[in-house]
Structures are given as structure tokens and as C-alpha cells.
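Structure file start.txt with compact mmCIF, C-alpha atoms and all ligand atoms:
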# COMPACT_ATOMS: atom_id res chain seq x y z
CA MET A 293 -10.29 -0.73 -48.53
CA GLN A 294 -12.15 1.90 -50.49
CA LEU A 295 -15.24 3.32 -48.80
CA LEU A 296 -18.11 3.71 -51.26
CA GLN A 297 -20.65 5.35 -48.99
CA VAL A 298 -20.90 6.76 -45.48
CA GLU A 299 -24.26 7.35 -43.81
CA ILE A 300 -24.94 9.26 -40.61
CA PHE A 301 -28.03 8.64 -38.46
CA ALA A 302 -29.15 10.98 -35.66
CA LEU A 303 -30.87 9.07 -32.87
CA ARG A 304 -32.66 9.94 -29.69
CA MET A 305 -33.18 6.97 -27.39
CA ARG A 306 -35.05 7.13 -24.08
CA LEU A 307 -33.03 5.94 -21.09
CA LYS A 308 -34.86 3.51 -18.80
CA HIS A 309 -33.64 5.50 -15.81
CA PRO A 310 -32.46 9.15 -15.97
CA PHE A 311 -28.71 9.49 -15.47
CA GLU A 312 -27.53 12.39 -13.30
CA THR A 313 -23.96 13.61 -12.92
CA SER A 314 -22.44 16.72 -11.37
CA PHE A 315 -22.83 18.47 -14.75
CA GLY A 316 -26.48 17.63 -15.41
CA ARG A 317 -29.15 15.06 -16.00
CA GLU A 318 -29.89 13.03 -19.15
CA ASP A 319 -33.34 11.53 -19.76
CA ASP A 320 -32.72 10.73 -23.41
CA ARG A 321 -29.52 9.83 -25.11
CA GLU A 322 -28.88 11.85 -28.29
CA PHE A 323 -26.00 10.69 -30.47
CA LEU A 324 -25.00 9.68 -34.01
CA LEU A 325 -24.39 6.34 -35.68
CA VAL A 326 -22.05 5.93 -38.64
CA ARG A 327 -22.63 3.28 -41.29
CA ALA A 328 -19.74 2.85 -43.73
CA GLU A 329 -19.67 0.47 -46.66
CA THR A 330 -17.15 -0.96 -49.10
CA ALA A 331 -17.93 -3.25 -52.04
CA ASP A 332 -17.91 -6.23 -49.64
CA PHE A 333 -18.60 -5.11 -46.08
CA VAL A 334 -20.64 -2.78 -43.89
CA GLY A 335 -19.18 -1.30 -40.70
CA TRP A 336 -20.79 0.57 -37.81
CA GLY A 337 -19.47 3.18 -35.40
CA GLU A 338 -21.00 5.38 -32.70
CA VAL A 339 -20.33 9.08 -32.16
CA THR A 340 -20.66 9.29 -28.38
CA VAL A 341 -21.63 12.97 -28.23
CA SER A 342 -24.53 14.36 -26.23
CA ARG A 343 -27.12 17.02 -27.04
CA ASP A 344 -25.42 19.54 -24.75
CA PRO A 345 -21.73 20.58 -24.45
CA PHE A 346 -21.57 19.74 -20.74
CA TYR A 347 -19.29 16.68 -20.52
CA SER A 348 -17.20 18.01 -23.41
CA TYR A 349 -17.56 20.76 -26.02
CA GLU A 350 -18.69 18.25 -28.65
CA THR A 351 -22.41 17.93 -29.36
CA VAL A 352 -24.62 16.21 -31.91
CA ALA A 353 -24.58 19.45 -33.92
CA THR A 354 -20.80 19.96 -33.91
CA ALA A 355 -20.17 16.32 -34.83
CA GLN A 356 -22.68 16.48 -37.71
CA SER A 357 -20.99 19.55 -39.07
CA VAL A 358 -17.40 18.31 -38.75
CA LEU A 359 -18.28 14.90 -40.20
CA HIS A 360 -20.19 16.40 -43.10
CA ASP A 361 -17.77 19.16 -44.06
CA TYR A 362 -14.42 17.44 -43.40
CA LEU A 363 -14.11 13.92 -42.02
CA VAL A 364 -16.50 11.98 -44.24
CA PRO A 365 -15.22 13.56 -47.49
CA TRP A 366 -11.63 12.87 -46.39
CA ALA A 367 -12.41 9.24 -45.53
CA LEU A 368 -14.10 8.73 -48.93
CA ALA A 369 -11.37 10.50 -50.93
CA LYS A 370 -8.92 7.61 -51.32
CA PRO A 371 -8.33 4.02 -50.18
CA ILE A 372 -7.49 3.23 -46.55
CA GLU A 373 -4.79 0.56 -46.12
CA HIS A 374 -5.11 0.49 -42.33
CA PRO A 375 -7.52 2.32 -39.96
CA ASP A 376 -4.49 3.89 -38.16
CA GLU A 377 -4.07 6.13 -41.24
CA LEU A 378 -7.19 8.08 -40.33
CA VAL A 379 -5.44 9.71 -37.35
CA GLY A 380 -3.13 11.52 -39.79
CA ARG A 381 -5.82 12.08 -42.41
CA PHE A 382 -8.08 13.78 -39.82
CA ALA A 383 -5.30 15.69 -38.00
CA GLN A 384 -5.93 19.03 -39.68
CA VAL A 385 -9.22 19.15 -37.78
CA ARG A 386 -8.22 20.04 -34.24
CA GLY A 387 -10.04 18.14 -31.52
CA HIS A 388 -13.54 16.80 -32.31
CA GLN A 389 -12.36 13.44 -31.01
CA MET A 390 -15.82 11.87 -30.78
CA ALA A 391 -16.68 12.76 -34.38
CA LYS A 392 -13.37 11.26 -35.53
CA ALA A 393 -13.83 8.16 -33.36
CA GLY A 394 -17.32 7.35 -34.67
CA LEU A 395 -16.16 7.25 -38.28
CA GLU A 396 -12.87 5.51 -37.48
CA GLY A 397 -14.83 2.88 -35.49
CA ALA A 398 -16.92 1.98 -38.55
CA VAL A 399 -13.69 1.62 -40.57
CA TRP A 400 -12.16 -0.64 -37.88
CA ASP A 401 -15.32 -2.80 -37.98
CA ILE A 402 -14.87 -3.25 -41.74
CA TYR A 403 -11.13 -3.85 -41.38
CA ALA A 404 -11.71 -6.63 -38.82
CA GLN A 405 -14.30 -8.23 -41.12
CA GLU A 406 -11.81 -8.13 -43.99
CA LEU A 407 -9.36 -10.04 -41.78
CA GLY A 408 -12.15 -12.42 -40.70
CA LEU A 409 -11.42 -11.53 -37.06
CA PRO A 410 -13.52 -10.35 -34.13
CA LEU A 411 -12.78 -6.66 -33.61
CA GLY A 412 -11.01 -7.31 -30.28
CA ARG A 413 -8.51 -9.65 -31.97
CA ALA A 414 -7.93 -7.18 -34.80
CA LEU A 415 -7.06 -4.57 -32.16
CA GLY A 416 -4.53 -6.93 -30.56
CA GLY A 417 -6.77 -8.09 -27.71
CA THR A 418 -6.60 -11.55 -26.21
CA ARG A 419 -9.45 -11.98 -23.69
CA ASP A 420 -12.57 -14.10 -24.35
CA GLU A 421 -14.36 -12.68 -21.38
CA ILE A 422 -14.20 -9.23 -19.74
CA GLU A 423 -15.05 -8.04 -16.27
CA VAL A 424 -17.42 -5.09 -15.97
CA GLY A 425 -18.95 -2.89 -13.30
CA ILE A 426 -21.71 -0.36 -13.20
CA SER A 427 -21.84 3.44 -13.01
CA ILE A 428 -24.67 4.79 -10.87
CA GLY A 429 -25.83 8.39 -11.24
CA ILE A 430 -26.67 10.85 -8.46
CA GLU A 431 -29.94 9.78 -6.86
CA SER A 432 -32.09 12.18 -4.86
CA THR A 433 -31.66 10.27 -1.55
CA ASP A 434 -29.26 7.81 0.09
CA GLU A 435 -32.06 5.25 0.22
CA LEU A 436 -32.63 5.36 -3.55
CA LEU A 437 -28.90 4.89 -4.17
CA LEU A 438 -28.71 1.97 -1.73
CA LYS A 439 -31.62 0.33 -3.55
CA GLN A 440 -29.79 0.70 -6.85
CA VAL A 441 -26.60 -0.82 -5.47
CA GLU A 442 -28.56 -3.73 -3.99
CA ARG A 443 -30.32 -4.38 -7.28
CA PHE A 444 -27.11 -4.31 -9.34
CA LEU A 445 -25.28 -6.53 -6.81
CA GLY A 446 -28.11 -9.02 -7.32
CA GLU A 447 -27.63 -8.80 -11.09
CA GLY A 448 -23.97 -9.82 -10.76
CA TYR A 449 -22.07 -6.52 -10.95
CA ARG A 450 -18.95 -6.61 -8.79
CA ARG A 451 -17.68 -3.03 -9.06
CA PHE A 452 -19.71 0.06 -8.26
CA LYS A 453 -18.97 3.55 -9.48
CA ILE A 454 -20.97 6.18 -7.63
CA LYS A 455 -21.34 9.69 -8.99
CA ILE A 456 -20.67 12.47 -6.47
CA LYS A 457 -20.88 16.27 -6.33
CA PRO A 458 -20.28 18.80 -3.55
CA GLY A 459 -22.78 18.11 -0.77
CA VAL A 460 -23.53 14.61 -2.07
CA ASP A 461 -20.23 12.89 -1.45
CA TYR A 462 -18.67 11.63 1.78
CA ASP A 463 -21.89 10.78 3.65
CA ARG A 464 -23.45 9.23 0.54
CA LEU A 465 -20.44 6.97 -0.07
CA LYS A 466 -20.18 6.16 3.63
CA ALA A 467 -23.80 4.97 3.59
CA VAL A 468 -22.97 2.53 0.79
CA ARG A 469 -19.85 1.32 2.61
CA ARG A 470 -21.81 0.81 5.84
CA GLN A 471 -24.56 -1.17 4.16
CA PHE A 472 -22.53 -3.31 1.76
CA GLY A 473 -19.13 -3.70 3.45
CA PRO A 474 -16.08 -4.53 1.34
CA ILE A 475 -17.56 -4.21 -2.17
CA ARG A 476 -15.31 -2.76 -4.88
CA MET A 477 -16.37 0.85 -4.93
CA MET A 478 -15.17 4.09 -6.51
CA ALA A 479 -16.41 7.65 -7.02
CA ASP A 480 -16.69 9.88 -10.11
CA ALA A 481 -16.86 13.64 -9.53
CA ASN A 482 -16.95 14.79 -13.17
CA SER A 483 -14.77 17.82 -12.34
CA ALA A 484 -16.97 19.18 -9.55
CA TYR A 485 -14.21 20.06 -7.04
CA THR A 486 -11.19 22.35 -6.71
CA LEU A 487 -8.07 22.27 -4.56
CA ASP A 488 -10.04 24.33 -2.00
CA ASP A 489 -11.91 21.09 -1.29
CA LEU A 490 -8.73 19.32 -0.21
CA PRO A 491 -9.96 18.55 3.34
CA LEU A 492 -13.08 16.82 1.99
CA LEU A 493 -11.14 14.95 -0.71
CA LYS A 494 -8.62 13.75 1.88
CA ARG A 495 -11.45 12.42 4.04
CA LEU A 496 -12.53 10.18 1.16
CA ASP A 497 -9.29 8.25 1.80
CA GLU A 498 -11.07 6.70 4.82
CA LEU A 499 -13.55 4.94 2.55
CA ASP A 500 -11.09 2.63 0.77
CA LEU A 501 -12.22 3.62 -2.70
CA MET A 502 -10.56 1.86 -5.65
CA MET A 503 -10.06 5.34 -7.11
CA ILE A 504 -11.61 8.76 -7.47
CA GLU A 505 -12.33 9.74 -11.05
CA GLN A 506 -11.70 13.27 -12.36
CA PRO A 507 -12.17 15.25 -9.13
CA LEU A 508 -10.82 18.55 -10.53
CA SER A 509 -11.31 20.70 -13.62
CA TYR A 510 -12.06 19.11 -17.00
CA ASP A 511 -8.93 20.68 -18.52
CA ASP A 512 -6.49 20.25 -15.65
CA ILE A 513 -3.48 18.02 -15.14
CA ILE A 514 -1.46 20.32 -12.85
CA ASP A 515 -3.78 20.57 -9.84
CA HIS A 516 -4.54 16.85 -10.18
CA ALA A 517 -0.82 16.20 -9.70
CA SER A 518 -0.80 18.30 -6.51
CA LEU A 519 -3.90 16.52 -5.27
CA GLN A 520 -2.53 13.06 -6.04
CA ARG A 521 0.49 13.82 -3.84
CA GLU A 522 -1.93 14.47 -0.94
CA LEU A 523 -4.17 11.43 -1.43
CA ARG A 524 -3.76 7.73 -0.75
CA THR A 525 -6.68 6.97 -3.09
CA PRO A 526 -5.53 6.76 -6.72
CA ILE A 527 -6.87 9.44 -9.06
CA CYS A 528 -8.30 8.20 -12.36
CA LEU A 529 -8.35 10.72 -15.20
CA ASP A 530 -11.31 11.00 -17.57
CA GLU A 531 -12.24 14.47 -18.94
CA SER A 532 -8.65 15.86 -19.01
CA ILE A 533 -7.17 13.30 -21.40
CA HIS A 534 -7.93 13.53 -25.15
CA GLY A 535 -5.22 11.31 -26.55
CA PRO A 536 -1.69 9.97 -26.15
CA ALA A 537 -0.13 13.47 -26.13
CA ASP A 538 -2.15 14.63 -23.09
CA LEU A 539 -1.57 11.28 -21.43
CA ARG A 540 2.20 11.40 -21.79
CA LYS A 541 2.23 14.75 -19.94
CA ALA A 542 -0.15 13.55 -17.22
CA ILE A 543 2.03 10.50 -16.61
CA ALA A 544 5.16 12.67 -16.43
CA LEU A 545 3.47 15.03 -13.94
CA GLY A 546 1.92 12.26 -11.83
CA SER A 547 -1.58 13.72 -12.36
CA GLY A 548 -3.12 10.38 -11.46
CA ARG A 549 -2.39 6.66 -11.40
CA ILE A 550 -5.19 5.21 -13.54
CA LEU A 551 -6.76 6.05 -16.93
CA ASN A 552 -10.39 5.77 -17.96
CA ILE A 553 -10.23 4.88 -21.67
CA LYS A 554 -13.21 6.18 -23.63
CA ILE A 555 -12.79 5.55 -27.32
CA GLY A 556 -14.70 8.72 -28.22
CA ARG A 557 -12.83 11.05 -25.86
CA LEU A 558 -9.47 9.73 -27.05
CA GLY A 559 -10.26 10.16 -30.75
CA GLY A 560 -10.81 6.53 -31.76
CA LEU A 561 -9.60 2.97 -31.39
CA SER A 562 -6.11 3.60 -32.79
CA GLN A 563 -5.50 6.40 -30.26
CA SER A 564 -7.04 4.25 -27.51
CA ILE A 565 -4.56 1.44 -28.25
CA LYS A 566 -1.69 3.95 -28.12
CA SER A 567 -2.97 5.35 -24.84
CA HIS A 568 -3.32 1.83 -23.45
CA ASP A 569 0.28 1.06 -24.45
CA LEU A 570 1.60 4.22 -22.77
CA CYS A 571 -0.25 3.30 -19.58
CA VAL A 572 1.11 -0.25 -19.59
CA GLU A 573 4.62 1.14 -19.97
CA ALA A 574 4.04 3.59 -17.09
CA GLY A 575 2.43 1.01 -14.81
CA TRP A 576 -0.98 2.72 -14.91
CA PRO A 577 -3.90 0.25 -14.96
CA VAL A 578 -6.67 1.15 -17.42
CA TRP A 579 -10.37 0.37 -17.73
CA CYS A 580 -13.03 1.16 -20.30
CA GLY A 581 -15.35 4.04 -19.52
CA GLY A 582 -18.78 4.56 -21.02
CA MET A 583 -20.98 7.27 -22.52
CA LEU A 584 -24.32 5.47 -22.10
CA GLU A 585 -23.71 3.86 -25.50
CA SER A 586 -26.18 2.07 -27.71
CA GLY A 587 -25.31 -1.50 -28.66
CA VAL A 588 -22.97 -0.36 -31.43
CA GLY A 589 -20.70 1.69 -29.16
CA ARG A 590 -21.06 -0.92 -26.44
CA LEU A 591 -19.60 -3.63 -28.72
CA HIS A 592 -16.66 -1.36 -29.55
CA ASN A 593 -16.12 -0.97 -25.78
CA VAL A 594 -16.21 -4.75 -25.32
CA ALA A 595 -13.62 -5.15 -28.09
CA ILE A 596 -11.08 -2.62 -26.71
CA THR A 597 -11.42 -4.12 -23.22
CA THR A 598 -9.85 -7.37 -24.48
CA LEU A 599 -6.40 -5.66 -24.53
CA PRO A 600 -4.07 -6.87 -21.75
CA GLY A 601 -3.74 -3.56 -19.87
CA PHE A 602 -7.48 -3.46 -19.06
CA THR A 603 -6.97 -4.98 -15.61
CA LEU A 604 -9.81 -3.14 -13.84
CA PRO A 605 -13.55 -3.66 -14.48
CA GLY A 606 -15.07 -1.04 -16.79
CA ASP A 607 -18.42 0.76 -17.09
CA THR A 608 -19.71 -1.44 -19.95
CA ALA A 609 -22.94 -2.64 -18.32
CA ALA A 610 -25.64 -4.72 -20.05
CA SER A 611 -27.86 -3.20 -22.78
CA SER A 612 -30.88 -3.73 -20.50
CA ARG A 613 -29.43 -1.38 -17.86
CA TYR A 614 -30.03 1.49 -20.30
CA TRP A 615 -32.55 0.48 -22.96
CA GLN A 616 -35.99 -1.02 -23.30
CA GLU A 617 -34.83 -2.29 -26.67
CA ASP A 618 -31.26 -2.05 -28.01
CA ILE A 619 -30.34 -1.70 -31.68
CA ILE A 620 -28.20 -4.86 -31.81
CA GLU A 621 -29.16 -8.51 -31.76
CA PRO A 622 -28.45 -10.21 -29.45
CA GLU A 623 -28.13 -7.44 -26.86
CA VAL A 624 -25.06 -7.20 -24.61
CA THR A 625 -25.65 -9.26 -21.47
CA VAL A 626 -23.73 -9.56 -18.21
CA SER A 627 -23.35 -12.83 -16.31
CA ASP A 628 -24.08 -13.30 -12.61
CA LYS A 629 -20.31 -12.98 -12.09
CA GLY A 630 -20.21 -9.51 -13.64
CA THR A 631 -18.62 -10.63 -16.90
CA ILE A 632 -19.38 -10.28 -20.62
CA ARG A 633 -18.49 -12.99 -23.18
CA VAL A 634 -16.57 -11.43 -26.04
CA PRO A 635 -18.26 -12.14 -29.39
CA ASP A 636 -16.30 -14.41 -31.73
CA ALA A 637 -17.89 -13.41 -35.04
CA PRO A 638 -15.90 -11.05 -37.32
CA GLY A 639 -16.09 -7.29 -36.72
CA ILE A 640 -18.19 -5.99 -33.81
CA GLY A 641 -19.74 -9.45 -33.86
CA HIS A 642 -23.48 -8.90 -33.30
CA HIS A 643 -26.20 -8.19 -35.85
CA VAL A 644 -26.97 -4.46 -36.16
CA ARG A 645 -30.72 -3.84 -36.53
CA GLU A 646 -30.54 -1.54 -39.50
CA ASP A 647 -34.31 -1.38 -40.09
CA LEU A 648 -34.87 -0.33 -36.50
CA ILE A 649 -32.14 2.31 -36.77
CA ARG A 650 -33.66 3.71 -39.98
CA SER A 651 -37.07 3.92 -38.33
CA LEU A 652 -35.70 5.54 -35.14
CA ALA A 653 -33.48 8.12 -36.85
CA HIS A 654 -34.86 11.66 -36.79
CA ALA A 655 -32.21 12.79 -39.29
CA HIS A 656 -30.14 10.93 -41.84
CA TRP A 657 -27.68 11.82 -44.58
CA ALA A 658 -25.40 9.94 -46.92
CA MET A 659 -22.29 10.78 -48.91
CA ARG A 660 -20.90 8.69 -51.75
CA ASN A 661 -17.43 8.40 -53.16
O1 LIG B 701 -17.94 10.49 -16.51
O2 LIG B 701 -17.81 8.45 -17.00
C1 LIG B 701 -18.43 9.52 -17.04
C2 LIG B 701 -21.87 8.96 -18.63
C3 LIG B 701 -21.98 10.10 -19.40
C4 LIG B 701 -20.97 11.04 -19.36
C5 LIG B 701 -19.85 10.84 -18.56
C6 LIG B 701 -19.73 9.70 -17.80
C7 LIG B 701 -20.77 8.76 -17.81
C8 LIG B 701 -20.77 7.56 -16.99
C9 LIG B 701 -21.67 6.43 -17.45
O3 LIG B 701 -20.19 7.43 -15.94
C10 LIG B 701 -20.95 5.24 -17.93
C11 LIG B 701 -21.89 4.30 -18.63
O4 LIG B 701 -22.63 3.59 -17.95
O5 LIG B 701 -21.89 4.27 -19.87
MG MG B 702 -16.09 9.97 -15.68
Would you mind writing the file out in C-alpha cells?
Amino acid sequence: MQLLQVEIFALRMRLKHPFETSFGREDDREFLLVRAETADFVGWGEVTVSRDPFYSYETVATAQSVLHDYLVPWALAKPIEHPDELVGRFAQVRGHQMAKAGLEGAVWDIYAQELGLPLGRALGGTRDEIEVGISIGIESTDELLLKQVERFLGEGYRRFKIKIKPGVDYDRLKAVRRQFGPIRMMADANSAYTLDDLPLLKRLDELDLMMIEQPLSYDDIIDHASLQRELRTPICLDESIHGPADLRKAIALGSGRILNIKIGRLGGLSQSIKSHDLCVEAGWPVWCGGMLESGVGRLHNVAITTLPGFTLPGDTAASSRYWQEDIIEPEVTVSDKGTIRVPDAPGIGHHVREDLIRSLAHAHWAMRN
């Protein structure tokens, strides 16, 4: 394919319910959308950055700059035979995984449409239906959290991820366990602990969690390996893994036993497939994480989850969990069994509401070949 034009839209979308993690609280989601076009097709991708460099160093501003000055010109410069090529074409830019992933995602959408395949099939996926769970932020009281869990159980979700931070951890999780019994439950610490917290982290073993996600530093795989040797609960890595190279080392060290695959954090779909394959080979189950995506990123998450190694429910909840009105049609919905039907139309498979996106965007630029 030859890209003729790439457009970037900056959006700010109000979350229905503020989302709080150990690193901060988000009331609005600020991110970028990428629209790429060839002579025959239009593809969409999402740059899953945030306004602030708190989850990772990437922000709306850094992604704009790297896309504008490097990635978009390089993508337009010559034809792309296969989306995998972009990994090499973008390699001179170190890091900036989310910026790379947003553009590469739009190219994968076009590539799948050229093949006449739903994106999941083009990626090598096989499932028609995926199992999902829900990620619940830090609420101000136990009661408010219990209400959330009850509501989402009623909506069909069968796996609950509860955010924790020092002081809001063991007792909070215990309250959920006491009230709801043997539900599938896990915790996400977003790097809020250190090895000094070993006694507390070991106590979490009592709660029969499916896993604990990223308990230690955002850049660590050494201390996680020490911790994993002390815990019965599997550690799932999120923040520390930015692609197959990091993952290979974490597997060798035993820094965890499960991987959260976020397309943005790993630098795109091609790198996510590679990471998935490494995990399958190592016997690590994977699941698809989330960055509070709009419908565009959400459909990319649905597509990658159709790969065979995604044996645990992911964080890809329904559009209506986040948004009053999503930018795709139809929105992503979750059944009363906690599942999503995988679209069977080519590409990401739902209509993207371009007029709505153009009216919502507070900034927009385009580059042509
Ligand atoms: O750590 O997985 C995380 C949201 C923003 C930043 C980091 C994380 C999250 C979530 C939400 O857990 C997942 C979702 O519902 O999209
Ligand atoms: Mg996480």
C-alpha cells in the first residue's frame, strides 16, 4: 500500500466516572486518533497516551511531536508491503511506543481491509467471541467499591481487577472477597510498592487473587523476580515491558508469570503478536490490558484478543462503561456472560463516526505524500 495522507486528531473525552490509580486520577481522557488513507481505504488507530507522563513518559504532546517530525513522514515516504515493516522503519526513534502503535494500528486496519478480513483474522486470531473483565479504580470507601463490583457483576462481568495503593490494599480486597465469595479477582498496584512491603504483599496470597499486576517499580524486572519467588500469587507485568526484547529478559529472570498486553505500551500490533508468541512459548498466559480507550482503540483490543494465547479475560469493557457517547457505531457491548462478539466486517469492523471526531477534535493536522 501507499499512504496518501495521514491525519492526527487531538481529543478530550469526558469519562462517565473518574478513574483513579496509585499514580493519579483521570476525569477526562486526552489522546490522539490517527486516520490514514490510501487510494482505496481509510484506516484508524488510537495513540493511547494521556495528558500527563504518569503511567509512562509519553504524553499527548510528545506523541504529537514524534508523529509530526518523524513517524508520519517516514510512513508516507514509500510503499508499505506489510505493516510489520514499520517496526524497522520507526526503529531509529527510541521508545515512543504509543505514538508508533497509533500509526501502525491505522496501517493494520487498512491492510486487513485490503485482504477483506476482520482485523483479528489478519493478525492470525481465531476466536469469534472473547471473554472480558472490568478494571475498577480506587474508590474513596470500601462501600463505594462494593457497589461498583455489585453493579458490574449484574452487567455480566466475570473478572474483577481492583486498583490498590499502600493503605488501600489488603482490607479493601478482603472486603470484596467477604461480600462476593469466589469471584475471579485480581489487583493492580501500578508500581506503588517496593520490596520493603514484602510482608504486606505476602499477605495478599491469602486472598486467592488470580494475579497481582505490576506491584513494583515501572522500570523493574529484577526486584519483581525476587518478589515472585516469595509469592504464591502470580505476578503480571504491565509498566515494565515495552516490547519483545524486555519480555525475553523478564521471562528468563522469572520476573512474573503473566503478561498484560497493551498494544500501545508494546509499540503496536506487530510487536504485540511477537510478545504473545514469546509468552505462549514460555507458558505465560496473556490478556489484553486497556488504557480507557475510545471505540477505535477498543476495537483494536478486541482484534488482538482473538489470538490463541489470550486465555485470561482482559480489561476491554463495554463502551458504555466509559463514555456517554462513543465515536464508533455500533458501540462495543458486553453480553450478560461477560463476552464480546468479534466483528466480522473487514478491518476494525465498526463504522467510525468521522463527523463526530472532526467536531470533537480540539486540534487537527494532516500530512500528504
Ligand atoms: O494499569 O492497566 C492499567 C488505565 C489507565 C492506565 C493504566 C491502567 C488502566 C486500567 C484501565 O487499568 C483499563 C481499562 O479499563 O481500559
Ligand atoms: Mg496495569
### Query
Contacts of Phe602 of chain A at 10 Å or less, counting all atoms listed in the file, minus same-chain residues fewer than 6 places along, as a list in words?
Gly417, Arg419, Ile422, Glu423, Leu551, Asn552, Ile553, His568, Cys571, Val572, Trp576, Pro577, Val578, Trp579, Cys580 and Ile596 of chain A
Next, the residues of the selection above should be written as an mmCIF file, in the coordinates of the input with C-alpha atoms.
data_model
loop_
_atom_site.group_PDB
_atom_site.id
_atom_site.type_symbol
_atom_site.label_atom_id
_atom_site.label_comp_id
_atom_site.auth_asym_id
_atom_site.auth_seq_id
_atom_site.Cartn_x
_atom_site.Cartn_y
_atom_site.Cartn_z
ATOM 1 C CA GLY A 417 -6.770 -8.090 -27.710
ATOM 2 C CA ARG A 419 -9.450 -11.980 -23.690
ATOM 3 C CA ILE A 422 -14.200 -9.230 -19.740
ATOM 4 C CA GLU A 423 -15.050 -8.040 -16.270
ATOM 5 C CA LEU A 551 -6.760 6.050 -16.930
ATOM 6 C CA ASN A 552 -10.390 5.770 -17.960
ATOM 7 C CA ILE A 553 -10.230 4.880 -21.670
ATOM 8 C CA HIS A 568 -3.320 1.830 -23.450
ATOM 9 C CA CYS A 571 -0.250 3.300 -19.580
ATOM 10 C CA VAL A 572 1.110 -0.250 -19.590
ATOM 11 C CA TRP A 576 -0.980 2.720 -14.910
ATOM 12 C CA PRO A 577 -3.900 0.250 -14.960
ATOM 13 C CA VAL A 578 -6.670 1.150 -17.420
ATOM 14 C CA TRP A 579 -10.370 0.370 -17.730
ATOM 15 C CA CYS A 580 -13.030 1.160 -20.300
ATOM 16 C CA ILE A 596 -11.080 -2.620 -26.710
#
### Task
Residues within 6 Å of ligand MG 702 (chain B) should be enumerated using only C-alpha atoms and all ligand atoms and returned as a VMD selection string.
chain A and resid 480 482 505 530
### Query
Hey, can you check how far atom CA of Ile513 of chain A sits from atom CA of Leu415 of chain A?
28.5 Å
### Query
What lies within 10 Å of Asp461 of chain A using all atoms listed in the file, ignoring chain neighbours under 6 positions off, as a list in words?
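Residues near the query, excluding close chain neighbours: Ile430, Ile454, Lys455, Ala479, Asp480, Ala481, Leu492, Leu493 and Leu496 of chain A.
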### Task
Determine the nearest neighbour of Ile402 of chain A from the options A:Ala331, A:Leu599, A:Leu508, A:Ile565, counting all atoms listed in the file.
A:Ala331
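Excluding Leu561 of chain A and any residue on its chain fewer than 4 positions from it, the residues at most 7 Å away by all atoms listed in the file are Ala393, Gly397, Ile555 and Ile565 of chain A.
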### Task
Return the single residue from A:Leu487, A:Ile456, A:Val594, A:Leu438 that is closest to Val468 of chain A, with distances computed using all atoms listed in the file.
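Of the candidates, the smallest distance to Val468 of chain A is held by A:Leu438.
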### Query
Quick one, how far is atom CA of Pro458 of chain A from atom CA of His534 of chain A?
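A separation of 25.4 Å between them.
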### Query
Can you tell me, as a ChimeraX atom specification, what residues are no more than 12 Å from Leu363 of chain A when counting all atoms listed in the file, ignoring any on the same chain fewer than 4 positions away?
/A:298,300,326,355-359,367-369,378-386,388-396,659
List every residue of chain A that has an atom at most 10 Å from any atom of ligand LIG 701 (chain B), and for each one report the closest atom pair and its distance in Å to one decimal, counting only C-alpha atoms and all ligand atoms, with rows sorted by chain and then by increasing residue number, as a tab-separated table.
residue	atom	partner	partner_atom	distance
A:Phe311	CA	B:LIG701	C2	7.6
A:Glu312	CA	B:LIG701	C2	8.5
A:Thr313	CA	B:LIG701	C5	7.5
A:Ser314	CA	B:LIG701	O1	9.2
A:Phe315	CA	B:LIG701	C4	8.9
A:Gly316	CA	B:LIG701	C4	9.5
A:Arg317	CA	B:LIG701	C3	9.4
A:Glu318	CA	B:LIG701	C3	8.4
A:Arg321	CA	B:LIG701	C3	9.5
A:Thr340	CA	B:LIG701	C3	9.1
A:Val341	CA	B:LIG701	C4	9.1
A:Ser342	CA	B:LIG701	C4	8.4
A:Phe346	CA	B:LIG701	C4	8.8
A:Tyr347	CA	B:LIG701	C4	6.0
A:Ser348	CA	B:LIG701	C4	8.9
A:Gly425	CA	B:LIG701	O4	8.8
A:Ile426	CA	B:LIG701	O4	6.2
A:Ser427	CA	B:LIG701	O4	5.0
A:Ile428	CA	B:LIG701	O3	7.3
A:Gly429	CA	B:LIG701	O3	7.4
A:Lys453	CA	B:LIG701	O3	7.6
A:Ile454	CA	B:LIG701	O3	8.4
A:Lys455	CA	B:LIG701	O3	7.4
A:Ala479	CA	B:LIG701	O3	9.7
A:Asp480	CA	B:LIG701	O1	6.5
A:Ala481	CA	B:LIG701	O1	7.7
A:Asn482	CA	B:LIG701	O1	5.5
A:Ser483	CA	B:LIG701	O1	9.0
A:Glu505	CA	B:LIG701	O1	7.9
A:Gln506	CA	B:LIG701	O1	8.0
A:Leu529	CA	B:LIG701	O1	9.7
A:Asp530	CA	B:LIG701	O1	6.7
A:Glu531	CA	B:LIG701	O1	7.4
A:Asn552	CA	B:LIG701	O2	7.9
A:Ile553	CA	B:LIG701	O2	9.6
A:Lys554	CA	B:LIG701	O2	8.4
A:Cys580	CA	B:LIG701	C10	9.2
A:Gly581	CA	B:LIG701	O2	5.6
A:Gly582	CA	B:LIG701	O5	3.3
A:Met583	CA	B:LIG701	O5	4.1
A:Leu584	CA	B:LIG701	O5	3.5
A:Glu585	CA	B:LIG701	O5	5.9
A:Ser586	CA	B:LIG701	O5	9.2
A:Gly589	CA	B:LIG701	O5	9.7
A:Arg590	CA	B:LIG701	O5	8.4
A:Asn593	CA	B:LIG701	O5	9.8
A:Gly606	CA	B:LIG701	C10	8.7
A:Asp607	CA	B:LIG701	O4	5.1
A:Thr608	CA	B:LIG701	O5	6.1
A:Ala609	CA	B:LIG701	O4	6.2
A:Ala610	CA	B:LIG701	O4	9.1
A:Ser611	CA	B:LIG701	O4	9.8
A:Arg613	CA	B:LIG701	O4	8.4
A:Tyr614	CA	B:LIG701	O4	8.0
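Taking atom CA of Pro536 of chain A and atom CA of Leu558 of chain A as the two end points, the separation is 7.8 Å.
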### Residue among A:Cys528, A:Ala574, A:Gly559, A:Val364 lying closest to Arg540 of chain A, counting only C-alpha atoms
A:Ala574
### Task
Using only C-alpha atoms, find all polymer residues with an atom at most 7 Å away from the point (-18.2, -3.7, -3.9); report them as a PyMOL selection string.
chain A and resi 450-452+474-477
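Of the residues under consideration (A:Trp615, A:Tyr510, A:Tyr449, A:Trp336), A:Trp615 shows the shortest atom-to-atom contact distance to His309 of chain A when counting only C-alpha atoms.
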